[in-house]
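J.: Sharing my_file12.tsv (TSV, C-alpha atoms and all ligand atoms) below.
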```tsv
chain	number	residue	atom	x	y	z
A	138	MET	CA	0.00	0.00	0.00
A	139	GLN	CA	1.62	3.17	-1.14
A	140	THR	CA	0.51	6.67	-0.24
A	141	ARG	CA	2.28	9.99	0.26
A	142	ILE	CA	2.56	9.04	3.95
A	143	THR	CA	4.29	5.70	3.39
A	144	GLU	CA	6.75	7.51	1.13
A	145	LEU	CA	7.31	10.42	3.54
A	146	PHE	CA	7.96	8.15	6.54
A	147	GLY	CA	9.56	5.22	4.71
A	148	ILE	CA	7.02	2.74	6.10
A	149	LYS	CA	5.17	-0.20	4.56
A	150	TYR	CA	1.57	0.61	5.52
A	151	PRO	CA	-0.10	4.02	6.03
A	152	ILE	CA	-0.88	3.24	9.68
A	153	VAL	CA	0.43	5.38	12.54
A	154	GLN	CA	0.26	4.85	16.31
A	155	GLY	CA	-0.44	8.20	17.94
A	156	GLY	CA	1.57	9.38	20.92
A	157	MET	CA	-0.07	8.19	24.16
A	158	HIS	CA	0.83	9.27	27.66
A	159	HIS	CA	2.11	6.28	29.70
A	160	VAL	CA	1.29	3.93	26.81
A	161	GLY	CA	3.73	5.06	24.10
A	162	PHE	CA	6.84	3.29	25.39
A	163	ALA	CA	9.42	1.47	23.27
A	164	GLU	CA	7.53	-1.86	23.49
A	165	LEU	CA	4.49	-0.53	21.61
A	166	ALA	CA	6.33	1.85	19.27
A	167	SER	CA	8.75	-0.87	18.13
A	168	ALA	CA	5.95	-3.43	17.69
A	169	VAL	CA	4.04	-1.02	15.42
A	170	SER	CA	7.13	-0.14	13.41
A	171	ASN	CA	8.15	-3.82	13.10
A	172	ALA	CA	4.66	-4.61	11.79
A	173	GLY	CA	5.04	-2.04	9.00
A	174	GLY	CA	3.39	1.02	10.57
A	175	LEU	CA	4.91	4.03	12.33
A	176	GLY	CA	5.33	3.60	16.09
A	177	ILE	CA	5.60	6.66	18.32
A	178	ILE	CA	7.27	7.13	21.70
A	179	THR	CA	5.63	9.76	23.92
A	180	ALA	CA	8.29	12.23	25.04
A	181	LEU	CA	6.58	13.75	28.05
A	182	THR	CA	5.87	10.34	29.62
A	183	GLN	CA	9.61	10.21	30.23
A	184	PRO	CA	10.40	12.15	33.40
A	185	THR	CA	13.50	13.84	31.98
A	186	PRO	CA	15.19	14.41	28.61
A	187	GLU	CA	17.86	11.88	29.69
A	188	ALA	CA	15.15	9.28	30.22
A	189	LEU	CA	13.76	10.05	26.75
A	190	ARG	CA	17.23	9.59	25.29
A	191	ALA	CA	17.43	6.14	26.95
A	192	GLU	CA	13.92	5.23	25.72
A	193	ILE	CA	14.88	6.15	22.15
A	194	GLU	CA	17.96	3.91	22.48
A	195	ARG	CA	15.82	1.10	23.90
A	196	CYS	CA	13.42	1.41	20.95
A	197	ARG	CA	16.31	1.37	18.49
A	198	GLY	CA	17.41	-1.90	20.09
A	199	MET	CA	13.94	-3.34	19.39
A	200	THR	CA	13.45	-2.25	15.77
A	201	ASP	CA	15.53	-1.25	12.77
A	202	LYS	CA	12.48	0.42	11.19
A	203	PRO	CA	11.60	4.13	11.39
A	204	PHE	CA	9.83	5.32	14.53
A	205	ALA	CA	8.84	8.76	15.80
A	206	VAL	CA	8.61	10.76	19.02
A	207	ASN	CA	5.47	12.66	20.10
A	208	LEU	CA	5.97	16.04	21.69
A	209	ALA	CA	2.84	17.69	23.07
A	210	PHE	CA	2.60	21.39	23.90
A	211	LEU	CA	-0.24	21.42	26.43
A	212	PRO	CA	-1.28	24.09	28.91
A	213	SER	CA	0.75	23.58	32.05
A	214	THR	CA	1.48	25.50	35.20
A	215	ARG	CA	5.04	24.13	35.17
A	216	PRO	CA	6.11	23.70	31.52
A	217	PRO	CA	8.39	20.73	30.87
A	218	ASP	CA	12.01	21.17	29.75
A	219	TYR	CA	11.13	21.48	26.04
A	220	PRO	CA	14.65	22.49	24.92
A	221	GLY	CA	16.00	19.40	26.69
A	222	TYR	CA	13.43	17.05	25.11
A	223	VAL	CA	14.03	18.52	21.63
A	224	LYS	CA	17.79	18.04	22.10
A	225	ALA	CA	17.25	14.42	23.18
A	226	ILE	CA	15.15	13.77	20.06
A	227	ILE	CA	17.74	15.28	17.74
A	228	GLU	CA	20.77	13.70	19.42
A	229	GLY	CA	18.90	10.39	19.57
A	230	GLY	CA	18.81	10.46	15.77
A	231	VAL	CA	15.00	10.37	15.54
A	232	LYS	CA	13.91	11.58	12.10
A	233	ILE	CA	10.17	11.96	12.60
A	234	VAL	CA	8.38	14.03	15.26
A	235	GLU	CA	4.65	14.19	15.96
A	236	THR	CA	3.75	17.53	17.53
A	237	ALA	CA	0.40	18.21	19.20
A	238	GLY	CA	-1.44	20.50	21.59
A	239	ASN	CA	-0.17	23.74	20.13
A	240	ASN	CA	1.67	24.57	16.93
A	241	PRO	CA	5.41	23.84	16.88
A	242	LYS	CA	6.38	27.31	15.59
A	243	GLU	CA	9.12	27.80	18.17
A	244	TRP	CA	10.86	24.55	17.21
A	245	MET	CA	10.36	24.32	13.44
A	246	ALA	CA	13.71	25.84	12.48
A	247	THR	CA	15.54	23.50	14.88
A	248	PHE	CA	13.66	20.44	13.60
A	249	LYS	CA	14.27	21.38	9.97
A	250	GLU	CA	17.99	22.01	10.54
A	251	ALA	CA	18.20	18.50	12.00
A	252	GLY	CA	16.44	17.05	8.93
A	253	ILE	CA	13.41	16.01	10.97
A	254	VAL	CA	10.04	15.38	9.33
A	255	VAL	CA	7.24	16.95	11.39
A	256	ILE	CA	3.68	15.64	11.47
A	257	HIS	CA	1.43	17.99	13.41
A	258	LYS	CA	-1.71	16.68	15.06
A	259	CYS	CA	-4.57	19.16	15.27
A	260	THR	CA	-8.34	19.33	15.42
A	261	SER	CA	-9.34	22.06	12.96
A	262	ILE	CA	-8.62	23.02	9.39
A	263	ARG	CA	-7.44	26.50	10.44
A	264	HIS	CA	-4.80	24.98	12.72
A	265	ALA	CA	-3.80	22.54	9.97
A	266	LEU	CA	-3.29	25.43	7.55
A	267	THR	CA	-1.18	27.28	10.12
A	268	ALA	CA	0.96	24.17	10.62
A	269	GLU	CA	1.39	23.79	6.86
A	270	ARG	CA	2.41	27.44	6.58
A	271	LEU	CA	4.96	26.93	9.37
A	272	GLY	CA	6.59	24.15	7.35
A	273	CYS	CA	5.09	20.99	8.88
A	274	ASP	CA	5.44	18.09	6.46
A	275	ALA	CA	2.16	16.35	7.24
A	276	ILE	CA	-1.01	16.71	9.31
A	277	SER	CA	-2.75	14.23	11.58
A	278	MET	CA	-6.38	15.36	11.76
A	279	ASP	CA	-8.00	14.44	15.07
A	280	GLY	CA	-11.79	14.40	14.63
A	281	PHE	CA	-14.32	14.89	17.40
A	282	GLU	CA	-14.47	11.09	17.95
A	283	CYS	CA	-10.89	10.97	19.13
A	284	ALA	CA	-9.44	10.05	22.48
A	285	GLY	CA	-7.64	12.82	24.32
A	286	HIS	CA	-8.10	16.42	23.27
A	287	PRO	CA	-10.62	16.92	20.43
A	288	GLY	CA	-10.50	20.73	20.73
A	289	GLU	CA	-13.56	22.92	21.20
A	290	ASP	CA	-15.18	22.86	17.73
A	291	ASP	CA	-16.85	19.42	17.87
A	292	VAL	CA	-16.45	18.70	14.15
A	293	THR	CA	-16.08	15.07	13.08
A	294	ASN	CA	-13.69	13.66	10.53
A	295	LEU	CA	-16.48	13.21	7.96
A	296	ILE	CA	-16.25	16.98	7.60
A	297	LEU	CA	-12.63	17.66	8.54
A	298	LEU	CA	-11.03	15.20	6.11
A	299	PRO	CA	-12.75	16.53	2.95
A	300	LEU	CA	-11.77	20.04	4.13
A	301	CYS	CA	-8.15	18.86	4.42
A	302	ALA	CA	-8.38	17.35	0.94
A	303	GLN	CA	-9.65	20.67	-0.44
A	304	LYS	CA	-7.27	22.99	1.36
A	305	LEU	CA	-4.00	21.28	2.28
A	306	LYS	CA	-1.07	20.61	0.01
A	307	VAL	CA	0.83	18.41	2.48
A	308	PRO	CA	-0.21	14.80	3.11
A	309	PHE	CA	-2.63	14.18	5.96
A	310	ILE	CA	-3.91	11.23	7.96
A	311	ALA	CA	-7.23	10.57	9.67
A	312	SER	CA	-7.12	10.31	13.45
A	313	GLY	CA	-9.96	9.47	15.82
A	314	GLY	CA	-12.38	6.60	15.35
A	315	MET	CA	-9.98	4.59	13.18
A	316	VAL	CA	-10.02	0.88	13.97
A	317	ASP	CA	-9.94	-1.50	10.99
A	318	GLY	CA	-9.60	-1.92	7.24
A	319	ALA	CA	-12.94	-0.25	6.62
A	320	SER	CA	-11.79	2.87	8.51
A	321	LEU	CA	-8.59	2.93	6.49
A	322	VAL	CA	-10.44	2.73	3.16
A	323	ALA	CA	-12.96	5.34	4.37
A	324	ALA	CA	-10.11	7.68	5.30
A	325	LEU	CA	-8.43	7.14	1.93
A	326	SER	CA	-11.77	7.76	0.16
A	327	LEU	CA	-12.13	11.08	1.94
A	328	GLY	CA	-8.74	12.11	0.63
A	329	ALA	CA	-6.47	11.12	3.51
A	330	ASP	CA	-3.12	9.42	2.98
A	331	GLY	CA	-3.44	7.05	5.92
A	332	MET	CA	-4.71	6.74	9.45
A	333	ASN	CA	-3.62	7.25	13.04
A	334	MET	CA	-4.92	5.11	15.91
A	335	GLY	CA	-4.68	5.52	19.65
A	336	THR	CA	-7.33	3.59	21.59
A	337	ARG	CA	-7.17	0.59	19.21
A	338	PHE	CA	-3.43	0.15	19.83
A	339	MET	CA	-3.97	0.16	23.62
A	340	ALA	CA	-5.90	-3.10	23.33
A	341	THR	CA	-2.98	-5.08	21.91
A	342	LYS	CA	-0.75	-7.68	23.52
A	343	GLU	CA	2.36	-5.48	23.28
A	344	ALA	CA	0.84	-2.30	24.74
A	345	PRO	CA	2.82	-2.03	27.99
A	346	ILE	CA	-0.18	-1.26	30.18
A	347	HIS	CA	-2.11	-3.21	32.82
A	348	GLN	CA	-4.51	-5.91	31.65
A	349	ASN	CA	-7.35	-4.13	33.55
A	350	VAL	CA	-7.08	-1.20	31.11
A	351	LYS	CA	-7.27	-3.50	28.09
A	352	ASP	CA	-10.22	-5.37	29.62
A	353	ALA	CA	-12.02	-2.06	30.31
A	354	ILE	CA	-11.60	-1.11	26.64
A	355	VAL	CA	-12.97	-4.44	25.42
A	356	ALA	CA	-15.94	-4.19	27.82
A	357	ALA	CA	-16.90	-0.59	26.95
A	358	THR	CA	-19.45	0.52	24.36
A	359	GLU	CA	-19.49	3.53	22.06
A	360	ARG	CA	-21.67	5.35	24.65
A	361	ASP	CA	-19.09	5.08	27.43
A	362	THR	CA	-16.87	8.08	26.73
A	363	ARG	CA	-17.42	11.52	28.24
A	364	LEU	CA	-16.10	15.00	27.51
A	365	ILE	CA	-14.59	16.69	30.55
A	366	LEU	CA	-12.69	19.94	31.28
A	367	ARG	CA	-14.71	21.90	28.72
A	368	PRO	CA	-15.27	24.77	31.19
A	369	LEU	CA	-11.44	25.10	31.31
A	370	ARG	CA	-11.27	25.07	27.48
A	371	ASN	CA	-9.12	21.96	27.60
A	372	THR	CA	-11.75	19.40	26.60
A	373	GLU	CA	-10.71	15.78	26.96
A	374	ARG	CA	-12.53	12.64	25.82
A	375	VAL	CA	-12.18	9.95	28.48
A	376	LEU	CA	-13.69	6.59	29.42
A	377	VAL	CA	-16.45	7.06	31.98
A	378	ASN	CA	-15.61	5.83	35.51
A	379	GLU	CA	-16.05	6.94	39.12
A	380	ALA	CA	-13.39	9.67	38.85
A	381	VAL	CA	-14.95	11.04	35.65
A	382	GLU	CA	-18.39	11.15	37.33
A	383	ARG	CA	-16.83	13.17	40.16
A	384	VAL	CA	-15.24	15.62	37.69
A	385	ILE	CA	-18.56	16.07	35.86
A	386	GLU	CA	-20.34	16.65	39.17
A	387	THR	CA	-17.73	19.27	40.18
A	388	GLU	CA	-18.06	20.98	36.78
A	389	LYS	CA	-21.85	21.18	37.21
A	390	ARG	CA	-21.60	22.45	40.77
A	391	LEU	CA	-18.97	25.15	40.17
A	392	GLY	CA	-19.93	26.22	36.64
A	393	SER	CA	-17.75	29.01	35.30
A	394	GLU	CA	-16.08	29.43	38.72
A	395	ILE	CA	-14.17	26.16	38.29
A	396	THR	CA	-10.37	26.14	38.32
A	397	PHE	CA	-7.95	23.32	37.56
A	398	SER	CA	-7.22	22.75	41.24
A	399	ASP	CA	-10.89	21.74	41.77
A	400	VAL	CA	-10.37	18.63	39.60
A	401	ALA	CA	-6.62	18.12	39.98
A	402	LYS	CA	-7.07	15.10	42.25
A	403	GLU	CA	-8.85	13.14	39.49
A	404	VAL	CA	-6.80	14.54	36.59
A	405	ALA	CA	-3.19	15.34	37.51
A	406	GLY	CA	-0.51	12.67	37.70
A	407	VAL	CA	-3.00	9.78	37.66
A	408	TYR	CA	-1.73	7.90	34.60
A	409	PRO	CA	0.89	5.69	36.32
A	410	LYS	CA	-1.73	4.40	38.79
A	411	ILE	CA	-4.08	3.55	35.92
A	412	MET	CA	-1.76	2.30	33.19
A	413	LYS	CA	0.86	0.60	35.39
A	414	ASN	CA	-1.09	-0.51	38.47
A	415	GLY	CA	-4.40	-1.13	36.71
A	416	GLU	CA	-6.47	1.06	39.07
A	417	VAL	CA	-8.79	2.01	36.21
A	418	GLU	CA	-11.32	3.89	38.38
A	419	SER	CA	-8.72	6.01	40.19
A	420	GLY	CA	-8.50	8.90	37.71
A	421	VAL	CA	-9.51	10.09	34.25
A	422	TRP	CA	-7.91	8.55	31.17
A	423	SER	CA	-8.25	9.31	27.49
A	424	CYS	CA	-10.33	6.99	25.35
A	425	GLY	CA	-12.06	7.39	21.98
A	426	GLN	CA	-15.61	6.54	20.90
A	427	VAL	CA	-14.02	3.82	18.81
A	428	VAL	CA	-13.88	1.85	22.06
A	429	GLY	CA	-17.33	0.58	21.02
A	430	LEU	CA	-15.75	-1.22	18.06
A	431	ILE	CA	-12.93	-2.94	19.96
A	432	ASP	CA	-13.62	-6.44	21.21
A	433	ASP	CA	-10.33	-8.29	21.19
A	434	ILE	CA	-6.68	-7.99	22.21
A	435	PRO	CA	-4.57	-9.13	19.26
A	436	THR	CA	-0.83	-8.71	18.80
A	437	VAL	CA	0.11	-5.52	16.96
A	438	LYS	CA	1.17	-7.57	13.94
A	439	GLU	CA	-2.12	-9.49	13.88
A	440	LEU	CA	-3.99	-6.18	14.07
A	441	ILE	CA	-2.04	-4.46	11.31
A	442	ASP	CA	-2.07	-7.52	9.04
A	443	ARG	CA	-5.83	-7.82	9.56
A	444	ILE	CA	-6.36	-4.14	8.71
A	445	VAL	CA	-4.37	-4.49	5.51
A	446	VAL	CA	-6.18	-7.68	4.44
A	447	GLN	CA	-9.58	-6.04	5.12
A	448	ALA	CA	-8.63	-2.84	3.29
A	449	ARG	CA	-7.35	-4.74	0.25
A	450	SER	CA	-10.46	-6.89	0.12
A	451	ILE	CA	-12.76	-3.83	0.29
A	452	ILE	CA	-10.82	-2.05	-2.44
A	453	LYS	CA	-10.39	-5.09	-4.70
A	454	GLU	CA	-13.60	-7.03	-4.14
A	455	ARG	CA	-16.41	-5.09	-2.47
A	456	LEU	CA	-16.06	-1.72	-4.21
A	457	PRO	CA	-15.44	-2.92	-7.80
A	458	ARG	CA	-18.69	-4.94	-7.62
A	459	MET	CA	-20.52	-1.62	-7.26
A	460	LEU	CA	-19.23	-0.21	-10.51
B	501	LIG	C1	-4.48	6.92	26.79
B	501	LIG	C2	-4.21	7.94	25.72
B	501	LIG	C3	-3.22	8.88	25.92
B	501	LIG	C4	-2.95	9.84	24.95
B	501	LIG	N1	-1.92	10.71	25.15
B	501	LIG	C5	-1.56	11.56	24.16
B	501	LIG	C6	-0.39	12.35	24.30
B	501	LIG	O1	0.31	12.28	25.29
B	501	LIG	N2	-0.07	13.19	23.26
B	501	LIG	C7	-0.85	13.25	22.13
B	501	LIG	O2	-0.50	14.01	21.23
B	501	LIG	N3	-1.95	12.51	21.96
B	501	LIG	C8	-2.32	11.66	22.95
B	501	LIG	N4	-3.41	10.83	22.77
B	501	LIG	C9	-4.19	10.92	21.52
B	501	LIG	C10	-3.75	9.88	20.48
B	501	LIG	O3	-2.44	10.08	20.05
B	501	LIG	C11	-4.64	9.90	19.24
B	501	LIG	O4	-4.63	11.18	18.65
B	501	LIG	C12	-6.07	9.51	19.54
B	501	LIG	O5	-6.09	8.41	20.42
B	501	LIG	C13	-6.82	9.16	18.28
B	501	LIG	O6	-8.13	8.78	18.57
B	501	LIG	P1	-8.58	7.22	18.72
B	501	LIG	O7	-8.25	6.86	20.12
B	501	LIG	O8	-10.02	7.25	18.41
B	501	LIG	O9	-7.77	6.41	17.74
B	501	LIG	C14	-3.71	9.87	23.75
B	501	LIG	C15	-4.71	8.91	23.55
B	501	LIG	C16	-4.96	7.95	24.50
B	501	LIG	C17	-6.02	6.91	24.25
```
As structure tokens, how would this structure be written, given the file I've shared?
Ligand SMILES: Cc1cc2nc3c(=O)[nH]c(=O)nc-3n(C[C@H](O)[C@H](O)[C@H](O)COP(=O)(O)O)c2cc1C
T.:
Amino acid sequence: MQTRITELFGIKYPIVQGGMHHVGFAELASAVSNAGGLGIITALTQPTPEALRAEIERCRGMTDKPFAVNLAFLPSTRPPDYPGYVKAIIEGGVKIVETAGNNPKEWMATFKEAGIVVIHKCTSIRHALTAERLGCDAISMDGFECAGHPGEDDVTNLILLPLCAQKLKVPFIASGGMVDGASLVAALSLGADGMNMGTRFMATKEAPIHQNVKDAIVAATERDTRLILRPLRNTERVLVNEAVERVIETEKRLGSEITFSDVAKEVAGVYPKIMKNGEVESGVWSCGQVVGLIDDIPTVKELIDRIVVQARSIIKERLPRML
């Protein structure tokens, strides 16, 4: 399968694993890259730039295929050591970076000087156009269905992807709600050059997270995600649980008076407890609506092979019969 994305990244299939906090470690990134997709290590999950450097090395020991690093620019009271993380990425010899959260303006010149290809993940066409203007090489378009931060516009990929096809010159991939061969073909039909998946890759054997998290994903339906933190203009799509119910209750009670500290207990620093210890009710964690379409825990290779077989069969057998 060849698209502008497989060519740009030097990968076999146009399938990308999005950066995921406390999920995107070397085990998952290397498994995705070894299976022909693009695996991504999440920079800010590593406590320091030195730890990121070591994680990049560890990943290189597990795959000889291209992999990327995700660097998110999210609102924070204590910003991480971005110069340090960028240096670790460059000195680690990583050639592809996925940026997200805010545009990578400040770092574009540095990335370009280092010969790094930048794919920027965003949730609106206006932000995609800004990223293209800044010199980003590709766009990952996160529709309203997505896990994590869908932005504040609430526009799904059925609208965003055709807009990308009309307005962008750089390649772009569909992110949010992508799960199987049918999603891949749908994304390609709408003009995309591939797809990005988050939630689907969590429910794989190699995802280095607790079995309880994978089981919760398999058990959940498409009605089990919630949007939280909207009053703080930092909307996040998460899997409903006790902590999420508490956040929603606090949001209702405090209305526009709410501040981050009112929900910090459920939101801040909770990922290790959930992903590592399996305490899935102890805090909020990102999850996409696509959770309703996930009912097994294959290996990454089984998943990617299955997607490719399904996509080929739709393109070669199902669609031609309609002509
Ligand atoms: C548990 C989890 C953590 C995530 N953490 C990040 C992150 O740290 N940085 C980021 O850019 N995106 C993050 N995302 C978003 C994914 O990279 C991806 O854009 C999203 O999952 C796509 O939607 P999908 O889950 O429907 O496939 C996260 C997603 C999940 C499920």
J.: Go through A:Arg270, A:Lys413, A:Arg449, A:Arg363 and flag the residue nearest Leu376 (chain A), using only C-alpha atoms for the distances.
T.: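 The closest residue to Leu376 (chain A) is A:Arg363.
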J.: Dump as CSV the rows for residues of chain A within 6 Å of ligand LIG 501 (chain B): closest atom pair and distance in Å with one decimal, only C-alpha atoms and all ligand atoms counted, ordered by chain and rising residue number.
T.:
```
residue,atom,partner,partner_atom,distance
A:Gly155,CA,B:LIG501,O3,3.5
A:Gly156,CA,B:LIG501,O3,4.2
A:Met157,CA,B:LIG501,N1,3.3
A:His158,CA,B:LIG501,O1,3.9
A:Ala209,CA,B:LIG501,O2,5.3
A:Ala237,CA,B:LIG501,O2,4.8
A:Asp279,CA,B:LIG501,O4,5.9
A:Glu282,CA,B:LIG501,O8,5.9
A:Cys283,CA,B:LIG501,O6,3.6
A:Ala284,CA,B:LIG501,O7,4.1
A:Gly285,CA,B:LIG501,C9,4.8
A:Ser312,CA,B:LIG501,C13,5.0
A:Gly313,CA,B:LIG501,O6,3.4
A:Gly314,CA,B:LIG501,O8,3.9
A:Met315,CA,B:LIG501,O9,5.4
A:Met334,CA,B:LIG501,O9,3.6
A:Gly335,CA,B:LIG501,O5,3.3
A:Thr336,CA,B:LIG501,O7,3.7
A:Trp422,CA,B:LIG501,C1,5.8
A:Ser423,CA,B:LIG501,C1,4.5
A:Cys424,CA,B:LIG501,C17,4.4
A:Gly425,CA,B:LIG501,O8,4.1
A:Val427,CA,B:LIG501,O8,5.3
```
J.: List the neighbours of region 249-261 of chain A out to 9 Å using all atoms listed in the file; skip same-chain residues closer than 4 positions along the sequence, and give me the result as a count of residues only.
T.: 41
J.: For Gln348 (chain A), which residue among A:Ile395, A:Met138, A:Ile434, A:Met332 is the nearest when counting only C-alpha atoms?
T.: A:Ile434
J.: Find, counting all atoms listed in the file, the residue in A:Thr185, A:Ala168, A:Leu430, A:Ile385 that gets nearest to Val404 (chain A).
T.: A:Ile385
J.: Would you mind telling me which residue in A:Glu343, A:Glu386, A:Glu418, A:Glu403 lies nearest to Val437 (chain A) when using all atoms listed in the file?
T.: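 Distance minimum relative to Val437 (chain A) lands on A:Glu343.
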J.: Looking at A:Thr436, A:Thr247, A:Thr214, A:Thr200, which one is nearest to Pro345 (chain A), with distances taken over all atoms listed in the file?
T.: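 Comparing A:Thr436, A:Thr247, A:Thr214, A:Thr200 against Pro345 (chain A), the winner is A:Thr436.
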J.: Counting only C-alpha atoms, what is within 9 Å of region 140-143 of chain A, bar same-chain residues fewer than 2 positions away, as number ranges by chain?
T.: A: 138, 145-152, 174, 275, 307-310, 330-331
J.: Pick from A:Met412, A:Ala353, A:Val421, A:Ile262: nearest to Glu379 (chain A), with only C-alpha atoms counted?
T.: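 Result for the nearest residue to Glu379 (chain A): A:Val421.
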